[in-house]
file upload.pdb (PDB, N, CA and C atoms)
ATOM      1  N   MET A 962     -80.063 121.947 120.757
ATOM      2  CA  MET A 962     -79.055 121.230 121.520
ATOM      3  C   MET A 962     -77.698 121.923 121.412
ATOM      4  N   VAL A 963     -77.441 122.490 120.245
ATOM      5  CA  VAL A 963     -76.163 123.188 120.067
ATOM      6  C   VAL A 963     -76.096 124.395 121.004
ATOM      7  N   VAL A 964     -77.214 125.067 121.180
ATOM      8  CA  VAL A 964     -77.238 126.234 122.065
ATOM      9  C   VAL A 964     -76.899 125.821 123.495
ATOM     10  N   LEU A 965     -77.411 124.680 123.931
ATOM     11  CA  LEU A 965     -77.103 124.208 125.288
ATOM     12  C   LEU A 965     -75.623 123.862 125.430
ATOM     13  N   ASN A 966     -75.024 123.292 124.384
ATOM     14  CA  ASN A 966     -73.598 122.987 124.435
ATOM     15  C   ASN A 966     -72.763 124.257 124.498
ATOM     16  N   VAL A 967     -73.156 125.265 123.734
ATOM     17  CA  VAL A 967     -72.429 126.547 123.767
ATOM     18  C   VAL A 967     -72.585 127.201 125.135
ATOM     19  N   LEU A 968     -73.775 127.118 125.708
ATOM     20  CA  LEU A 968     -73.996 127.674 127.044
ATOM     21  C   LEU A 968     -73.130 126.963 128.079
ATOM     22  N   SER A 969     -73.007 125.650 127.991
ATOM     23  CA  SER A 969     -72.151 124.897 128.910
ATOM     24  C   SER A 969     -70.698 125.348 128.789
ATOM     25  N   TYR A 970     -70.233 125.494 127.554
ATOM     26  CA  TYR A 970     -68.862 125.949 127.333
ATOM     27  C   TYR A 970     -68.646 127.344 127.920
ATOM     28  N   ALA A 971     -69.599 128.241 127.682
ATOM     29  CA  ALA A 971     -69.465 129.613 128.179
ATOM     30  C   ALA A 971     -69.459 129.650 129.708
ATOM     31  N   LEU A 972     -70.333 128.874 130.335
ATOM     32  CA  LEU A 972     -70.367 128.851 131.798
ATOM     33  C   LEU A 972     -69.075 128.284 132.374
ATOM     34  N   ALA A 973     -68.551 127.229 131.768
ATOM     35  CA  ALA A 973     -67.284 126.660 132.242
ATOM     36  C   ALA A 973     -66.155 127.669 132.082
ATOM     37  N   TRP A 974     -66.145 128.393 130.972
ATOM     38  CA  TRP A 974     -65.097 129.387 130.739
ATOM     39  C   TRP A 974     -65.179 130.498 131.777
ATOM     40  N   ILE A 975     -66.386 130.961 132.079
ATOM     41  CA  ILE A 975     -66.561 132.030 133.071
ATOM     42  C   ILE A 975     -66.059 131.581 134.436
ATOM     43  N   VAL A 976     -66.415 130.364 134.840
ATOM     44  CA  VAL A 976     -66.018 129.871 136.163
ATOM     45  C   VAL A 976     -64.501 129.721 136.254
ATOM     46  N   GLN A 977     -63.863 129.294 135.174
ATOM     47  CA  GLN A 977     -62.426 129.057 135.209
ATOM     48  C   GLN A 977     -61.599 130.329 135.076
ATOM     49  N   ASN A 978     -62.121 131.341 134.384
ATOM     50  CA  ASN A 978     -61.288 132.501 134.054
ATOM     51  C   ASN A 978     -61.679 133.802 134.733
ATOM     52  N   ARG A 979     -62.755 133.830 135.446
ATOM     53  CA  ARG A 979     -63.191 135.058 136.107
ATOM     54  C   ARG A 979     -63.353 134.827 137.609
ATOM     55  N   PRO A 980     -62.840 135.740 138.415
ATOM     56  CA  PRO A 980     -63.113 135.633 139.855
ATOM     57  C   PRO A 980     -64.548 136.099 140.134
ATOM     58  N   LEU A 981     -65.339 135.252 140.738
ATOM     59  CA  LEU A 981     -66.743 135.568 140.976
ATOM     60  C   LEU A 981     -67.024 135.652 142.475
ATOM     61  N   ASN A 982     -67.873 136.578 142.838
ATOM     62  CA  ASN A 982     -68.318 136.648 144.224
ATOM     63  C   ASN A 982     -69.452 135.644 144.421
ATOM     64  N   THR A 983     -70.048 135.658 145.584
ATOM     65  CA  THR A 983     -71.096 134.678 145.899
ATOM     66  C   THR A 983     -72.291 134.815 144.966
ATOM     67  N   LEU A 984     -72.714 136.024 144.691
ATOM     68  CA  LEU A 984     -73.857 136.231 143.800
ATOM     69  C   LEU A 984     -73.543 135.727 142.390
ATOM     70  N   GLY A 985     -72.342 136.005 141.919
ATOM     71  CA  GLY A 985     -71.942 135.529 140.595
ATOM     72  C   GLY A 985     -71.921 134.015 140.519
ATOM     73  N   MET A 986     -71.403 133.380 141.558
ATOM     74  CA  MET A 986     -71.373 131.912 141.570
ATOM     75  C   MET A 986     -72.786 131.343 141.613
ATOM     76  N   LEU A 987     -73.681 131.978 142.372
ATOM     77  CA  LEU A 987     -75.076 131.511 142.420
ATOM     78  C   LEU A 987     -75.756 131.667 141.060
ATOM     79  N   LEU A 988     -75.510 132.787 140.389
ATOM     80  CA  LEU A 988     -76.098 132.990 139.063
ATOM     81  C   LEU A 988     -75.566 131.972 138.054
ATOM     82  N   VAL A 989     -74.258 131.783 138.022
ATOM     83  CA  VAL A 989     -73.668 130.824 137.088
ATOM     84  C   VAL A 989     -74.128 129.415 137.431
ATOM     85  N   GLY A 990     -74.181 129.091 138.716
ATOM     86  CA  GLY A 990     -74.664 127.778 139.123
ATOM     87  C   GLY A 990     -76.121 127.557 138.754
ATOM     88  N   GLY A 991     -76.935 128.587 138.895
ATOM     89  CA  GLY A 991     -78.340 128.490 138.503
ATOM     90  C   GLY A 991     -78.499 128.268 137.011
ATOM     91  N   PHE A 992     -77.725 129.003 136.214
ATOM     92  CA  PHE A 992     -77.768 128.797 134.770
ATOM     93  C   PHE A 992     -77.278 127.402 134.400
ATOM     94  N   ALA A 993     -76.241 126.935 135.073
ATOM     95  CA  ALA A 993     -75.719 125.590 134.783
ATOM     96  C   ALA A 993     -76.747 124.522 135.141
ATOM     97  N   LEU A 994     -77.407 124.680 136.267
ATOM     98  CA  LEU A 994     -78.429 123.711 136.664
ATOM     99  C   LEU A 994     -79.614 123.730 135.698
ATOM    100  N   ALA A 995     -80.060 124.922 135.320
ATOM    101  CA  ALA A 995     -81.151 125.033 134.349
ATOM    102  C   ALA A 995     -80.745 124.429 133.010
ATOM    103  N   ASN A 996     -79.516 124.658 132.593
ATOM    104  CA  ASN A 996     -79.004 124.092 131.348
ATOM    105  C   ASN A 996     -79.048 122.563 131.395
ATOM    106  N   ALA A 997     -78.611 121.986 132.494
ATOM    107  CA  ALA A 997     -78.614 120.525 132.625
ATOM    108  C   ALA A 997     -80.041 119.983 132.638
ATOM    109  N   LEU A 998     -80.948 120.648 133.355
ATOM    110  CA  LEU A 998     -82.335 120.178 133.423
ATOM    111  C   LEU A 998     -83.030 120.274 132.068
ATOM    112  N   ILE A 999     -82.810 121.353 131.348
ATOM    113  CA  ILE A 999     -83.409 121.493 130.021
ATOM    114  C   ILE A 999     -82.856 120.434 129.075
ATOM    115  N   GLY A1000     -81.546 120.185 129.148
ATOM    116  CA  GLY A1000     -80.948 119.146 128.311
ATOM    117  C   GLY A1000     -81.507 117.771 128.606
ATOM    118  N   MET A1001     -81.701 117.449 129.882
ATOM    119  CA  MET A1001     -82.273 116.146 130.237
ATOM    120  C   MET A1001     -83.732 116.043 129.809
ATOM    121  N   TRP A1002     -84.483 117.140 129.946
ATOM    122  CA  TRP A1002     -85.884 117.133 129.512
ATOM    123  C   TRP A1002     -85.999 116.928 128.003
ATOM    124  N   LEU A1003     -85.143 117.616 127.234
ATOM    125  CA  LEU A1003     -85.164 117.433 125.784
ATOM    126  C   LEU A1003     -84.771 116.011 125.398
ATOM    127  N   MET A1004     -83.783 115.448 126.080
ATOM    128  CA  MET A1004     -83.382 114.071 125.802
ATOM    129  C   MET A1004     -84.529 113.114 126.115
ATOM    130  N   TRP A1005     -85.236 113.325 127.234
ATOM    131  CA  TRP A1005     -86.351 112.474 127.612
ATOM    132  C   TRP A1005     -87.464 112.540 126.569
ATOM    133  N   ARG A1006     -87.753 113.761 126.095
ATOM    134  CA  ARG A1006     -88.780 113.906 125.058
ATOM    135  C   ARG A1006     -88.371 113.207 123.771
ATOM    136  N   LEU A1007     -87.097 113.315 123.403
ATOM    137  CA  LEU A1007     -86.610 112.665 122.197
ATOM    138  C   LEU A1007     -86.702 111.149 122.306
ATOM    139  N   MET A1008     -86.360 110.612 123.472
ATOM    140  CA  MET A1008     -86.386 109.168 123.650
ATOM    141  C   MET A1008     -87.804 108.619 123.746
ATOM    142  N   ASN A1009     -88.769 109.418 124.171
ATOM    143  CA  ASN A1009     -90.129 108.943 124.363
ATOM    144  C   ASN A1009     -91.075 109.288 123.220
ATOM    145  N   THR A1010     -90.595 109.925 122.175
ATOM    146  CA  THR A1010     -91.476 110.213 121.060
ATOM    147  C   THR A1010     -91.727 108.939 120.271
ATOM    148  N   VAL A1011     -92.947 108.769 119.876
ATOM    149  CA  VAL A1011     -93.322 107.583 119.095
ATOM    150  C   VAL A1011     -93.179 107.942 117.628
ATOM    151  N   PRO A1012     -92.391 107.149 116.891
ATOM    152  CA  PRO A1012     -92.214 107.472 115.477
ATOM    153  C   PRO A1012     -93.518 107.248 114.719
ATOM    154  N   PRO A1013     -93.780 108.067 113.703
ATOM    155  CA  PRO A1013     -95.006 107.857 112.941
ATOM    156  C   PRO A1013     -94.940 106.535 112.180
ATOM    157  N   GLU A1014     -96.084 105.939 112.021
ATOM    158  CA  GLU A1014     -96.134 104.673 111.303
ATOM    159  C   GLU A1014     -95.833 104.911 109.820
ATOM    160  N   ASN A1015     -95.297 103.896 109.206
ATOM    161  CA  ASN A1015     -95.007 104.007 107.774
ATOM    162  C   ASN A1015     -96.315 104.165 107.012
ATOM    163  N   GLN A1016     -96.333 105.172 106.185
ATOM    164  CA  GLN A1016     -97.530 105.429 105.399
ATOM    165  C   GLN A1016     -97.231 105.111 103.945
ATOM    166  N   ASP A1017     -98.056 104.268 103.362
ATOM    167  CA  ASP A1017     -97.881 103.946 101.963
ATOM    168  C   ASP A1017     -98.599 105.005 101.119
ATOM    169  N   PRO A1018     -97.957 105.446 100.034
ATOM    170  CA  PRO A1018     -98.597 106.476  99.200
ATOM    171  C   PRO A1018     -99.761 105.930  98.413
TER
END
call {"tool": "encode", "arguments": {"input": "upload.pdb", "output": "structure tokens"}}
result
Amino acid sequence: MVVLNVLSYALAWIVQNRPLNTLGMLLVGGFALANALIGMWLMWRLMNTVPPENQDP
């Protein structure tokens, strides 16, 4: 999850501080969309995991 947050920060920094042509904007937008989809998929998996039952020793 930390890697996705760092990727979000890096993409935002690139968009704000670098002039990008159409191809650059498409690449950054694609990475941003993939980043968001992966983050949502990981969140969905985390929310839907069934905790193991308590096991007595």
call {"tool": "atom_distance", "arguments": {"input": "upload.pdb", "atom1": "CA of Leu972 in chain A", "atom2": "CA of Ala995 in chain A"}}
result
11.7 Å
call {"tool": "atom_distance", "arguments": {"input": "upload.pdb", "atom1": "atom N of Pro1013 in chain A", "atom2": "atom N of Met1001 in chain A"}}
result
22.3 Å
call {"tool": "resolve_selection", "arguments": {"input": "upload.pdb", "expression": "the PyMOL selection byres (((chain A and resi 965 and name CA) around 9) and name CA)", "output": "list in words"}}
result
Met962, Val963, Val964, Asn966, Val967, Leu968, Ser969, Tyr970, Asn996, Ala997, Ile999 and Gly1000 of chain A
call {"tool": "select_by_dssp", "arguments": {"input": "upload.pdb", "residues": "chain A", "states": "helix (DSSP H, G or I)", "output": "PyMOL selection string"}}
result
chain A and resi 963-978+983-1009
call {"tool": "residues_around", "arguments": {"input": "upload.pdb", "residues": "Val976 in chain A", "least_positions_apart": "3", "cutoff": "10 Å", "atoms": "only C-alpha atoms", "output": "list of chain:residue names"}}
result
A:Ala971, A:Leu972, A:Ala973, A:Arg979, A:Pro980, A:Leu981, A:Gly985, A:Met986, A:Val989, A:Gly990
call {"tool": "atom_distance", "arguments": {"input": "upload.pdb", "atom1": "CA of Ala993 in chain A", "atom2": "CA of Asn978 in chain A"}}
result
16.0 Å
call {"tool": "axis_aligned_box", "arguments": {"input": "upload.pdb", "around": "range 990-1008 of chain A", "padding_each_side": "8 Å", "output": "JSON"}}
result
{"center_x": -81.5, "center_y": 118.9, "center_z": 130.7, "size_x": 30.6, "size_y": 36.5, "size_z": 32.9}
